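For reference, upload.cif (mmCIF, C-alpha atoms):
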```cif
data_entry
#
loop_
_atom_site.label_atom_id
_atom_site.label_comp_id
_atom_site.auth_asym_id
_atom_site.auth_seq_id
_atom_site.Cartn_x
_atom_site.Cartn_y
_atom_site.Cartn_z
CA MET A 278 -39.46 -26.78 -14.29
CA THR A 279 -43.03 -27.89 -14.93
CA GLU A 280 -44.35 -29.05 -18.29
CA ALA A 281 -43.56 -26.34 -20.84
CA PRO A 282 -45.11 -25.68 -24.22
CA LEU A 283 -43.39 -27.91 -26.75
CA ALA A 284 -42.84 -25.28 -29.44
CA ARG A 285 -39.38 -23.72 -29.49
CA ARG A 286 -40.38 -20.15 -30.25
CA LEU A 287 -43.00 -18.66 -28.00
CA TRP A 288 -44.48 -15.21 -27.93
CA SER A 289 -46.97 -13.65 -25.53
CA SER A 290 -49.17 -10.63 -25.92
CA CYS A 291 -49.52 -8.45 -22.84
CA PRO A 292 -50.16 -4.83 -21.86
CA ALA A 293 -47.18 -2.69 -22.73
CA ASP A 294 -46.73 -1.49 -19.17
CA GLU A 295 -46.37 -5.07 -17.92
CA ILE A 296 -43.61 -6.14 -20.31
CA GLU A 297 -40.75 -4.87 -18.13
CA SER A 298 -41.97 -6.66 -15.02
CA LEU A 299 -42.62 -9.85 -17.02
CA LEU A 300 -39.06 -9.81 -18.28
CA ASP A 301 -37.77 -9.25 -14.74
CA LEU A 302 -39.91 -12.08 -13.43
CA ALA A 303 -38.89 -14.52 -16.16
CA CYS A 304 -35.19 -13.91 -15.56
CA GLN A 305 -35.70 -14.17 -11.81
CA ARG A 306 -37.47 -17.51 -12.09
CA CYS A 307 -34.84 -18.91 -14.42
CA ARG A 308 -32.21 -18.07 -11.81
CA ARG A 309 -34.31 -19.56 -9.03
CA LEU A 310 -34.62 -22.79 -10.99
CA LYS A 311 -30.90 -22.61 -11.81
CA LEU A 312 -31.94 -22.76 -15.42
CA ALA A 313 -29.30 -21.65 -17.91
CA TYR A 314 -30.87 -18.71 -19.66
CA GLY A 315 -29.87 -15.93 -21.98
CA TYR A 316 -31.25 -12.42 -22.34
CA LEU A 317 -31.38 -10.58 -25.64
CA THR A 318 -32.10 -6.90 -25.89
CA MET A 319 -31.05 -3.95 -27.99
CA ARG A 320 -31.98 -1.43 -25.27
CA ALA A 321 -29.16 -0.73 -22.83
CA ALA A 322 -27.75 -4.04 -23.99
CA LEU A 323 -24.24 -3.61 -22.61
CA LEU A 324 -22.65 -1.55 -19.85
CA SER A 325 -21.27 1.49 -21.61
CA ASN A 326 -18.48 2.22 -19.14
CA VAL A 327 -16.62 -1.08 -19.56
CA SER A 328 -15.23 -2.94 -22.54
CA VAL A 329 -17.11 -5.52 -24.59
CA LEU A 330 -14.89 -8.23 -23.15
CA GLU A 331 -15.77 -7.25 -19.62
CA ASN A 332 -19.45 -7.16 -20.58
CA LEU A 333 -19.21 -10.74 -21.85
CA TRP A 334 -17.28 -11.84 -18.77
CA LEU A 335 -19.47 -10.10 -16.18
CA PRO A 336 -22.45 -12.51 -15.89
CA ARG A 337 -20.17 -15.58 -15.94
CA GLY A 338 -17.67 -14.07 -13.54
CA TRP A 339 -20.48 -13.09 -11.21
CA SER A 340 -22.58 -16.23 -11.13
CA SER A 341 -19.97 -18.93 -11.46
CA GLY A 342 -16.74 -17.13 -10.58
CA GLN A 343 -15.19 -17.85 -13.95
CA SER A 344 -12.04 -15.96 -14.73
CA LEU A 345 -11.48 -13.91 -17.83
CA ALA A 346 -9.21 -16.56 -19.31
CA GLN A 347 -11.84 -19.25 -18.75
CA VAL A 348 -14.52 -17.15 -20.42
CA ASN A 349 -12.20 -16.38 -23.31
CA GLN A 350 -11.41 -20.06 -23.75
CA LYS A 351 -15.06 -21.03 -23.53
CA LEU A 352 -15.98 -18.42 -26.12
CA ARG A 353 -13.43 -19.74 -28.56
CA SER A 354 -14.44 -23.35 -28.07
CA LEU A 355 -18.12 -22.51 -28.49
CA LEU A 356 -17.45 -20.62 -31.70
CA ALA A 357 -15.14 -23.32 -33.00
CA CYS A 358 -17.94 -25.86 -33.13
CA ARG A 359 -20.50 -23.47 -34.62
CA ASP A 360 -21.13 -22.71 -38.22
CA LEU A 361 -20.05 -19.10 -38.75
CA SER A 362 -20.34 -19.20 -42.50
CA GLY A 363 -22.48 -16.68 -44.29
CA GLU A 364 -22.38 -13.08 -45.33
CA MET A 365 -24.55 -11.74 -42.54
CA ALA A 366 -22.89 -8.74 -40.91
CA SER A 367 -23.21 -10.00 -37.34
CA LEU A 368 -21.58 -13.34 -38.21
CA ALA A 369 -18.80 -11.46 -39.95
CA ALA A 370 -18.44 -9.41 -36.77
CA ILE A 371 -18.02 -12.61 -34.74
CA ARG A 372 -15.33 -13.79 -37.13
CA ASP A 373 -13.55 -10.45 -36.48
CA LEU A 374 -14.11 -10.74 -32.72
CA PRO A 375 -10.54 -10.00 -31.51
CA SER A 376 -10.53 -6.64 -33.26
CA TRP A 377 -13.45 -5.19 -31.30
CA LEU A 378 -13.43 -7.18 -28.07
CA HIS A 379 -11.60 -4.44 -26.17
CA CYS A 380 -13.71 -1.57 -27.51
CA ARG A 381 -16.38 0.20 -25.54
CA PRO A 382 -19.97 -0.56 -26.57
CA THR A 383 -20.43 3.02 -27.77
CA ASP A 384 -17.68 2.40 -30.33
CA LEU A 385 -19.45 -0.61 -31.85
CA GLU A 386 -21.47 -0.71 -35.01
CA ALA A 387 -24.91 -2.32 -34.97
CA PRO A 388 -23.83 -5.80 -36.21
CA GLN A 389 -21.04 -5.89 -33.62
CA LEU A 390 -23.44 -4.91 -30.85
CA GLU A 391 -25.86 -7.61 -31.97
CA ALA A 392 -23.02 -10.11 -32.07
CA ALA A 393 -21.87 -9.11 -28.56
CA VAL A 394 -25.35 -9.58 -27.11
CA VAL A 395 -25.70 -12.99 -28.79
CA LEU A 396 -22.24 -14.04 -27.61
CA ARG A 397 -23.08 -13.06 -24.05
CA ALA A 398 -26.17 -15.26 -24.23
CA LEU A 399 -24.23 -18.05 -25.93
CA LEU A 400 -21.69 -18.17 -23.09
CA ALA A 401 -24.50 -19.12 -20.72
CA GLU A 402 -25.28 -22.17 -22.92
CA PRO A 403 -28.93 -21.33 -22.47
CA VAL A 404 -31.87 -23.68 -22.61
CA PHE A 405 -34.22 -20.72 -22.33
CA LEU A 406 -33.88 -17.38 -24.03
CA VAL A 407 -35.72 -14.29 -22.80
CA ILE A 408 -36.05 -11.80 -25.64
CA ASP A 409 -36.85 -8.15 -25.11
CA PRO A 410 -39.29 -6.71 -27.69
CA SER A 411 -36.57 -4.23 -28.71
CA TRP A 412 -34.59 -7.09 -30.26
CA ASN A 413 -34.85 -6.70 -34.02
CA ALA A 414 -31.78 -8.53 -35.23
CA TRP A 415 -33.43 -11.70 -36.40
CA ASP A 416 -31.12 -12.40 -39.30
CA GLY A 417 -27.62 -13.26 -38.29
CA ALA A 418 -25.89 -14.42 -35.19
CA ILE A 419 -29.10 -15.30 -33.37
CA ARG A 420 -29.20 -18.61 -35.26
CA LEU A 421 -26.36 -19.67 -32.98
CA LEU A 422 -28.99 -19.88 -30.24
CA GLU A 423 -31.41 -22.18 -32.08
CA ASP A 424 -30.94 -24.90 -29.45
CA ALA A 425 -32.69 -22.84 -26.77
CA ARG A 426 -36.39 -22.23 -26.30
CA TRP A 427 -37.18 -18.60 -27.05
CA TRP A 428 -39.79 -16.45 -25.38
CA MET A 429 -40.66 -12.88 -26.19
CA PRO A 430 -43.43 -10.77 -24.60
CA VAL A 431 -44.85 -8.14 -26.96
CA GLY A 432 -47.36 -5.34 -26.57
CA ASP A 433 -51.09 -5.84 -27.02
CA CYS A 434 -51.11 -4.21 -30.44
CA VAL A 435 -48.42 -6.50 -31.87
CA VAL A 436 -49.22 -9.79 -33.57
CA LEU A 437 -46.55 -12.13 -34.92
CA HIS A 438 -47.64 -13.75 -38.16
CA ASP A 439 -44.53 -15.90 -38.43
CA SER A 440 -45.67 -19.53 -38.32
CA THR A 441 -42.49 -20.59 -36.57
CA TRP A 442 -43.69 -18.71 -33.47
CA THR A 443 -46.42 -20.03 -31.17
CA ASN A 444 -48.64 -17.72 -29.18
CA VAL A 445 -48.93 -18.63 -25.52
CA SER A 446 -50.06 -16.62 -22.56
CA SER A 447 -47.36 -15.09 -20.40
CA GLY A 448 -48.98 -16.80 -17.43
CA ASP A 449 -48.37 -20.22 -18.98
CA VAL A 450 -44.75 -19.39 -19.63
CA LEU A 451 -44.19 -18.13 -16.11
CA ARG A 452 -45.99 -21.16 -14.66
CA SER A 453 -43.69 -23.39 -16.66
CA LEU A 454 -40.81 -21.62 -14.92
CA SER A 455 -42.10 -22.38 -11.44
CA MET B 99 -6.24 -5.22 -14.59
CA ILE B 100 -8.94 -7.82 -15.21
CA ARG B 101 -6.26 -10.51 -15.03
CA LEU B 102 -5.29 -9.42 -11.52
CA CYS B 103 -8.82 -9.06 -10.19
CA GLY B 104 -10.74 -12.30 -10.35
CA HIS B 105 -14.15 -11.09 -9.31
CA PRO B 106 -16.07 -8.26 -10.98
CA SER B 107 -16.57 -6.43 -7.66
CA LEU B 108 -12.85 -6.50 -7.00
CA LEU B 109 -12.25 -4.96 -10.40
CA VAL B 110 -14.66 -2.11 -9.64
CA PHE B 111 -12.97 -1.66 -6.24
CA SER B 112 -9.51 -1.44 -7.74
CA ARG B 113 -10.61 0.97 -10.46
CA GLN B 114 -12.28 3.26 -7.92
CA LEU B 115 -9.22 3.07 -5.66
CA TYR B 116 -7.02 4.12 -8.56
CA TYR B 117 -9.31 6.95 -9.65
CA THR B 118 -10.03 8.34 -6.18
CA GLY B 119 -6.74 7.57 -4.51
CA PHE B 120 -3.93 7.60 -7.01
CA GLN B 121 -5.25 10.21 -9.43
CA SER B 122 -6.15 12.63 -6.63
CA VAL B 123 -2.71 12.63 -5.02
CA GLY B 124 -1.52 15.58 -7.11
CA ILE B 125 -4.40 17.90 -6.26
CA VAL B 126 -4.31 16.91 -2.59
CA VAL B 127 -0.59 17.56 -2.31
CA LEU B 128 -0.97 20.87 -4.18
CA SER B 129 -3.79 21.92 -1.86
CA ALA B 130 -1.73 20.93 1.15
CA GLY B 131 1.24 22.89 -0.11
CA LEU B 132 -0.80 26.01 -0.67
CA ILE B 133 -2.44 25.70 2.73
CA GLY B 134 0.92 25.14 4.42
CA PHE B 135 2.39 28.26 2.85
CA GLY B 136 -0.73 30.32 3.42
CA PHE B 137 -1.10 29.42 7.07
CA VAL B 138 2.54 30.12 7.87
CA TYR B 139 2.42 33.58 6.33
CA ALA B 140 -0.95 34.27 7.96
CA PHE B 141 0.43 33.30 11.37
CA GLN B 142 3.55 35.33 10.95
CA ASN B 143 1.70 38.39 9.73
CA SER B 144 -1.12 38.27 12.27
CA LEU B 145 0.40 36.70 15.35
CA GLU B 146 3.85 38.13 15.88
CA ALA B 147 4.13 36.40 19.26
CA VAL B 148 3.87 33.04 17.56
CA SER B 149 7.24 31.65 16.62
CA GLY B 150 7.87 29.64 13.52
CA ALA B 151 8.15 26.41 15.46
CA MET B 152 4.88 27.07 17.26
CA ALA B 153 3.17 27.87 13.98
CA LEU B 154 4.41 24.61 12.50
CA GLU B 155 3.20 22.59 15.49
CA LEU B 156 -0.16 24.34 15.46
CA LEU B 157 -0.62 23.72 11.76
CA ALA B 158 0.36 20.07 12.15
CA LEU B 159 -2.14 19.65 14.97
CA LEU B 160 -4.90 21.38 13.00
CA SER B 161 -4.16 19.27 9.93
CA ALA B 162 -4.20 16.03 11.87
CA ARG B 163 -7.28 16.88 13.91
CA SER B 164 -9.55 18.49 11.37
CA LEU B 165 -8.12 20.26 8.35
CA GLY B 166 -6.94 17.09 6.65
CA VAL B 167 -10.35 15.49 7.08
CA VAL B 168 -12.19 18.47 5.65
CA ILE B 169 -9.86 19.40 2.78
CA THR B 170 -9.41 15.85 1.50
CA GLY B 171 -13.16 15.45 1.87
CA PHE B 172 -13.72 18.50 -0.33
CA VAL B 173 -11.29 17.22 -2.96
CA PHE B 174 -13.00 13.85 -2.87
CA VAL B 175 -16.42 15.45 -3.26
CA ALA B 176 -15.30 17.62 -6.16
CA ARG B 177 -13.65 14.77 -8.08
CA SER B 178 -15.29 11.53 -7.12
CA ILE B 179 -18.77 12.27 -5.83
CA THR B 180 -19.62 14.03 -9.09
CA ALA B 181 -18.30 11.13 -11.14
CA ILE B 182 -19.85 8.35 -9.06
CA SER B 183 -23.21 10.07 -8.71
CA SER B 184 -23.56 10.87 -12.39
CA GLU B 185 -22.33 7.43 -13.47
CA ILE B 186 -24.82 5.57 -11.29
CA ALA B 187 -27.67 7.91 -12.23
CA LEU B 188 -26.93 7.39 -15.93
CA LEU B 189 -26.88 3.63 -15.47
CA ARG B 190 -30.34 3.87 -13.93
CA VAL B 191 -31.73 6.26 -16.52
CA SER B 192 -30.32 4.35 -19.51
CA GLY B 193 -31.69 1.01 -18.33
CA GLU B 194 -28.27 -0.63 -18.03
CA TRP B 195 -28.91 -1.13 -14.32
CA ARG B 196 -32.01 -3.16 -15.11
CA THR B 197 -30.15 -5.18 -17.77
CA LEU B 198 -27.55 -6.07 -15.15
CA GLU B 199 -30.25 -7.23 -12.76
CA ARG B 200 -31.83 -9.36 -15.46
CA LEU B 201 -28.48 -11.00 -16.14
CA GLY B 202 -28.32 -12.00 -12.50
CA VAL B 203 -25.71 -9.46 -11.37
CA ASP B 204 -26.57 -7.83 -8.05
CA SER B 205 -26.19 -4.16 -8.91
CA VAL B 206 -25.72 -3.01 -5.33
CA THR B 207 -22.89 -5.46 -4.67
CA TYR B 208 -21.27 -4.89 -8.04
CA LEU B 209 -21.76 -1.17 -8.63
CA LEU B 210 -22.17 0.45 -5.22
CA MET B 211 -20.38 -1.35 -2.39
CA PRO B 212 -16.95 -1.52 -4.06
CA ARG B 213 -17.14 2.22 -4.73
CA VAL B 214 -18.07 2.98 -1.12
CA LEU B 215 -15.25 0.84 0.28
CA ALA B 216 -12.66 2.08 -2.20
CA SER B 217 -13.61 5.69 -1.48
CA GLY B 218 -13.11 5.14 2.24
CA VAL B 219 -9.72 3.49 1.81
CA ALA B 220 -8.52 6.02 -0.76
CA VAL B 221 -9.50 9.11 1.21
CA ALA B 222 -7.89 7.74 4.37
CA PHE B 223 -4.59 7.50 2.51
CA LEU B 224 -5.12 10.90 0.87
CA SER B 225 -5.46 12.48 4.31
CA ILE B 226 -2.08 10.99 5.22
CA TYR B 227 -0.52 12.56 2.12
CA PHE B 228 -2.24 15.83 2.95
CA PHE B 229 -0.88 15.87 6.48
CA LEU B 230 2.68 15.14 5.39
CA ALA B 231 2.54 17.62 2.53
CA VAL B 232 1.16 20.46 4.65
CA VAL B 233 3.86 19.97 7.29
CA LEU B 234 6.64 19.83 4.68
CA ALA B 235 5.29 22.89 2.86
CA ALA B 236 4.97 24.87 6.09
CA ASP B 237 8.49 23.91 7.12
CA PHE B 238 9.78 25.04 3.74
CA ALA B 239 7.87 28.32 4.01
CA LEU B 240 9.43 28.96 7.41
CA SER B 241 13.02 28.13 6.72
CA GLY B 242 13.41 28.07 2.98
CA ARG B 243 14.40 24.44 3.09
CA ILE B 244 12.96 21.19 4.30
CA ASP B 245 14.43 20.20 7.63
CA ILE B 246 13.54 16.55 8.11
CA LEU B 247 14.51 16.63 11.77
CA SER B 248 12.17 19.48 12.62
CA VAL B 249 9.38 17.81 10.66
CA GLU B 250 10.02 14.60 12.54
CA ARG B 251 9.97 16.47 15.81
CA VAL B 252 6.67 18.10 14.95
CA VAL B 253 5.10 14.80 13.90
CA ASN B 254 6.36 13.05 17.05
CA SER B 255 4.91 15.82 19.21
CA LEU B 256 1.42 14.86 18.16
CA GLN B 257 -0.49 12.18 19.95
CA PRO B 258 -0.75 9.08 17.74
CA ASP B 259 -4.45 8.62 18.47
CA VAL B 260 -5.16 12.18 17.30
CA VAL B 261 -3.26 11.61 14.07
CA PHE B 262 -4.71 8.20 13.26
CA SER B 263 -8.24 9.12 14.22
CA GLY B 264 -8.04 11.92 11.66
CA PHE B 265 -7.00 9.55 8.88
CA ILE B 266 -9.66 7.00 9.78
CA ARG B 267 -12.32 9.68 10.11
CA ALA B 268 -11.49 11.02 6.67
CA GLY B 269 -12.05 7.57 5.20
CA ILE B 270 -15.25 6.92 7.12
CA PHE B 271 -16.74 10.31 6.25
CA ALA B 272 -15.94 9.80 2.58
CA ALA B 273 -17.59 6.37 2.57
CA LEU B 274 -20.65 7.73 4.37
CA SER B 275 -20.97 10.63 1.95
CA VAL B 276 -20.86 8.24 -1.02
CA LEU B 277 -23.48 6.03 0.63
CA TRP B 278 -25.71 9.03 1.28
CA VAL B 279 -25.43 10.34 -2.26
CA LEU B 280 -25.92 6.91 -3.88
CA ARG B 281 -29.02 6.32 -1.82
CA PHE B 282 -30.71 9.11 -3.71
CA ALA B 283 -29.06 8.39 -7.07
CA VAL B 284 -30.35 4.81 -6.97
CA ARG B 285 -33.87 5.57 -5.80
CA SER B 286 -34.68 8.58 -7.93
CA ARG B 287 -36.42 8.24 -11.26
CA ARG B 288 -34.65 10.86 -13.32
CA SER B 289 -34.52 11.68 -16.95
CA TYR B 290 -31.23 12.34 -18.71
CA THR B 291 -31.70 16.08 -18.25
CA GLY B 292 -32.17 15.57 -14.52
CA VAL B 293 -28.79 13.89 -14.05
CA PRO B 294 -26.68 17.09 -13.93
CA ILE B 295 -29.11 18.67 -11.47
CA GLY B 296 -28.98 15.55 -9.34
CA THR B 297 -25.19 15.49 -9.47
CA SER B 298 -25.00 19.12 -8.43
CA SER B 299 -27.33 18.40 -5.54
CA ALA B 300 -25.21 15.38 -4.61
CA VAL B 301 -22.08 17.53 -4.40
CA LEU B 302 -23.78 20.01 -2.09
CA GLN B 303 -25.22 17.29 0.12
CA ALA B 304 -21.90 15.48 0.39
CA THR B 305 -20.06 18.70 1.26
CA VAL B 306 -22.53 19.61 3.97
CA LEU B 307 -22.50 16.05 5.30
CA ILE B 308 -18.73 15.97 5.68
CA LEU B 309 -18.72 19.36 7.40
CA ALA B 310 -21.58 18.34 9.67
CA LEU B 311 -19.97 15.03 10.64
CA GLU B 312 -16.67 16.71 11.40
CA THR B 313 -18.36 19.42 13.46
CA ILE B 314 -20.33 16.85 15.43
CA TYR B 315 -17.16 14.88 16.09
CA GLN B 316 -15.22 17.92 17.23
CA VAL B 317 -18.02 19.09 19.52
CA ALA B 318 -18.52 15.59 20.92
CA THR B 319 -14.82 15.05 21.63
CA SER B 320 -13.89 18.54 22.79
CA GLN B 321 -12.87 18.95 26.37
CA PRO B 322 -14.05 21.95 28.36
CA VAL B 323 -11.42 24.63 28.79
CA PRO B 324 -10.53 24.85 32.50
CA GLY B 325 -11.02 28.07 34.28
#
```

Please lay out the structure from this file as structure tokens.
Amino acid sequence: MTEAPLARRLWSSCPADEIESLLDLACQRCRRLKLAYGYLTMRAALLSNVSVLENLWLPRGWSSGQSLAQVNQKLRSLLACRDLSGEMASLAAIRDLPSWLHCRPTDLEAPQLEAAVVLRALLAEPVFLVIDPSWNAWDGAIRLLEDARWWMPVGDCVVLHDSTWTNVSSGDVLRSLS
Amino acid sequence: MIRLCGHPSLLVFSRQLYYTGFQSVGIVVLSAGLIGFGFVYAFQNSLEAVSGAMALELLALLSARSLGVVITGFVFVARSITAISSEIALLRVSGEWRTLERLGVDSVTYLLMPRVLASGVAVAFLSIYFFLAVVLAADFALSGRIDILSVERVVNSLQPDVVFSGFIRAGIFAALSVLWVLRFAVRSRRSYTGVPIGTSSAVLQATVLILALETIYQVATSQPVPG
């Protein structure tokens, strides 16, 4: 990975019809570099025909051949050393994890869905987080991923005024992943 | 089931095997029973010169050579092709397919190939059940009871290669029909409202494909009648 922008939260403005291919490309390059990455989205976030547990297991089982028990154990150990205090609904959902782990995604409420997506990313122990513009759950479980560098492409008409985010071109981000 | 199947593809394979193979046994056996009864009465009513034993042997030969392939293929198309085609199309339309790809999961290897292989294996076994059920049902229709010895005699009278080629063909044709249907389900850019239309089209295409493949096989392997 070449020299990357030093800021931890990066956003890029690009034509709306290029966002999908940028997201594909970013994830592809992370895999090519064998970079641990996570992907956050609220659109088609989980496979609807399998349980939440299987959704969390799938990327780990696929890429590294981890068994369900190993993923379960890893999940518990990751959560054990994280601060889950707070009243935010998604953190409360993580505390209640066993009760909805075997549900289908269509049975989940919004905080549980958000928590599931964050947990799936957390299991990858990401250093880089690709965030789909549909992600709107900024308060809550996402703080568990503060250690990673975040990148989110947004449409041309969107401007982030949050000072914690740094605007970079999508080209620079993709070059840093080459 | 996840505990038994270590890899995600294996889990999809086992689920498809259960859905296509195990859950279809009832309808296949029922179909075979009805066909066995129907054929026996049709023979006896139409062909008085044909004895019961001859009718049973003829039905067994037909079932092993062709009927089993076609009927189990139709049951497979009605149950599984509709489900597989609509499921894959919905994954594409909803964007879940793309999410899988972004997570690094090869959608073809995870979603498609296990279904194709499981369909082939399941339908091969279903054709075996069909063959046995049709012979037993026909024997019962003839004599009012199941005579295991006469059934055994009928089965032994068939050439093993004819019997086994039927079972294997049923599996291969089922796998090919799933492949054909998925080729279009994966490539097409449908909306949600287009999924039922696409599924209906998939059923028709799969039905015609199985019939066409079986016809081609029968024509290619038929021997000219002497004289």

- Can you tell me, as an NGL selection string, which residues sit within 12 Å of (8.0, 25.6, 15.0) in the file's frame, using only C-alpha atoms? :B and (138 or 141-142 or 148-159 or 233-234 or 236-241 or 245 or 247-253 or 255)

- Task: Give me, please, the distance in Å between CA of Val168 (chain B) and CA of Arg243 (chain B), quoted to one decimal.
- Result: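 Straight-line distance from CA of Val168 (chain B) to CA of Arg243 (chain B) works out to 27.4 Å.
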
- Task: With the file shown as input, list the residues that the PyMOL selection byres ((chain A) within 8 of (chain B)) selects, as a count of residues only.
- Result: 22

Given 4 Å of margin on each side, can you work out the centre and size in Å (one decimal) of an axis-aligned box holding every listed atom of region 264-272 of chain B, as JSON?
```
{"center_x": -11.9, "center_y": 9.4, "center_z": 7.1, "size_x": 17.7, "size_y": 13.0, "size_z": 17.1}
```

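Between CA of Thr118 (chain B) and CA of Arg177 (chain B) there is a distance of 7.6 Å.
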
- Selected by the PyMOL selection byres ((chain A and resi 379-388) around 6) in the shown coordinates: which residues, as number ranges by chain? A: 325, 328-330, 366-367, 377-378, 389-391

- Item | Residues selected by the PyMOL selection byres ((chain A and resi 450) around 12), written as a PyMOL selection string | chain A and resi 278-284+286-290+299-300+302-304+306-307+405-407+426-430+443-449+451-455

- Using all atoms listed in the file, find the one residue out of A:Leu368, A:Val431, A:Ala425, A:Ile296 that sits nearest to Leu399 (chain A).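 When distances to Leu399 (chain A) are compared using all atoms listed in the file, the smallest one comes from A:Ala425.
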
- For Thr305 (chain B), please output as a ChimeraX atom specification all residues within 10 Å (counting only C-alpha atoms; exclusion window: fewer than 5 positions along the same chain). /B:168,171-176,179,272,275,299-300,310

Please produce a file of the residues just selected, as a PDB file, in the frame of the given file, where the atoms kept are C-alpha atoms.
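The file below, part-v7.pdb, is the result:
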```
ATOM      1  CA  VAL B 168     -12.190  18.470   5.650  1.00  0.00           C
ATOM      2  CA  GLY B 171     -13.160  15.450   1.870  1.00  0.00           C
ATOM      3  CA  PHE B 172     -13.720  18.500  -0.330  1.00  0.00           C
ATOM      4  CA  VAL B 173     -11.290  17.220  -2.960  1.00  0.00           C
ATOM      5  CA  PHE B 174     -13.000  13.850  -2.870  1.00  0.00           C
ATOM      6  CA  VAL B 175     -16.420  15.450  -3.260  1.00  0.00           C
ATOM      7  CA  ALA B 176     -15.300  17.620  -6.160  1.00  0.00           C
ATOM      8  CA  ILE B 179     -18.770  12.270  -5.830  1.00  0.00           C
ATOM      9  CA  ALA B 272     -15.940   9.800   2.580  1.00  0.00           C
ATOM     10  CA  SER B 275     -20.970  10.630   1.950  1.00  0.00           C
ATOM     11  CA  SER B 299     -27.330  18.400  -5.540  1.00  0.00           C
ATOM     12  CA  ALA B 300     -25.210  15.380  -4.610  1.00  0.00           C
ATOM     13  CA  ALA B 310     -21.580  18.340   9.670  1.00  0.00           C
TER      14      ALA B 310
END
```

- Item | Point-to-point distance from CA of Val214 (chain B) to CA of Ala273 (chain B), Å rounded to tenths |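 Between these atoms lies a distance of 5.0 Å.
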
When you write region 195-211 of chain B out from the block above, keep C-alpha atoms and present the result as an mmCIF file, in the first residue's frame, please.
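The file below, result38.cif, is the result:
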```cif
data_model
loop_
_atom_site.group_PDB
_atom_site.id
_atom_site.type_symbol
_atom_site.label_atom_id
_atom_site.label_comp_id
_atom_site.auth_asym_id
_atom_site.auth_seq_id
_atom_site.Cartn_x
_atom_site.Cartn_y
_atom_site.Cartn_z
ATOM 1 C CA TRP B 195 -25.276 -10.276 -5.001
ATOM 2 C CA ARG B 196 -23.121 -7.176 -5.321
ATOM 3 C CA THR B 197 -22.699 -6.930 -1.540
ATOM 4 C CA LEU B 198 -21.426 -10.512 -1.532
ATOM 5 C CA GLU B 199 -18.912 -9.697 -4.248
ATOM 6 C CA ARG B 200 -17.704 -6.659 -2.324
ATOM 7 C CA LEU B 201 -17.176 -8.818 0.754
ATOM 8 C CA GLY B 202 -14.912 -11.048 -1.301
ATOM 9 C CA VAL B 203 -17.299 -13.990 -1.706
ATOM 10 C CA ASP B 204 -17.319 -15.403 -5.237
ATOM 11 C CA SER B 205 -21.035 -15.452 -5.987
ATOM 12 C CA VAL B 206 -20.791 -18.054 -8.739
ATOM 13 C CA THR B 207 -18.906 -20.524 -6.556
ATOM 14 C CA TYR B 208 -21.052 -19.852 -3.508
ATOM 15 C CA LEU B 209 -24.524 -19.380 -4.969
ATOM 16 C CA LEU B 210 -24.597 -21.202 -8.290
ATOM 17 C CA MET B 211 -22.249 -24.194 -8.510
#
```
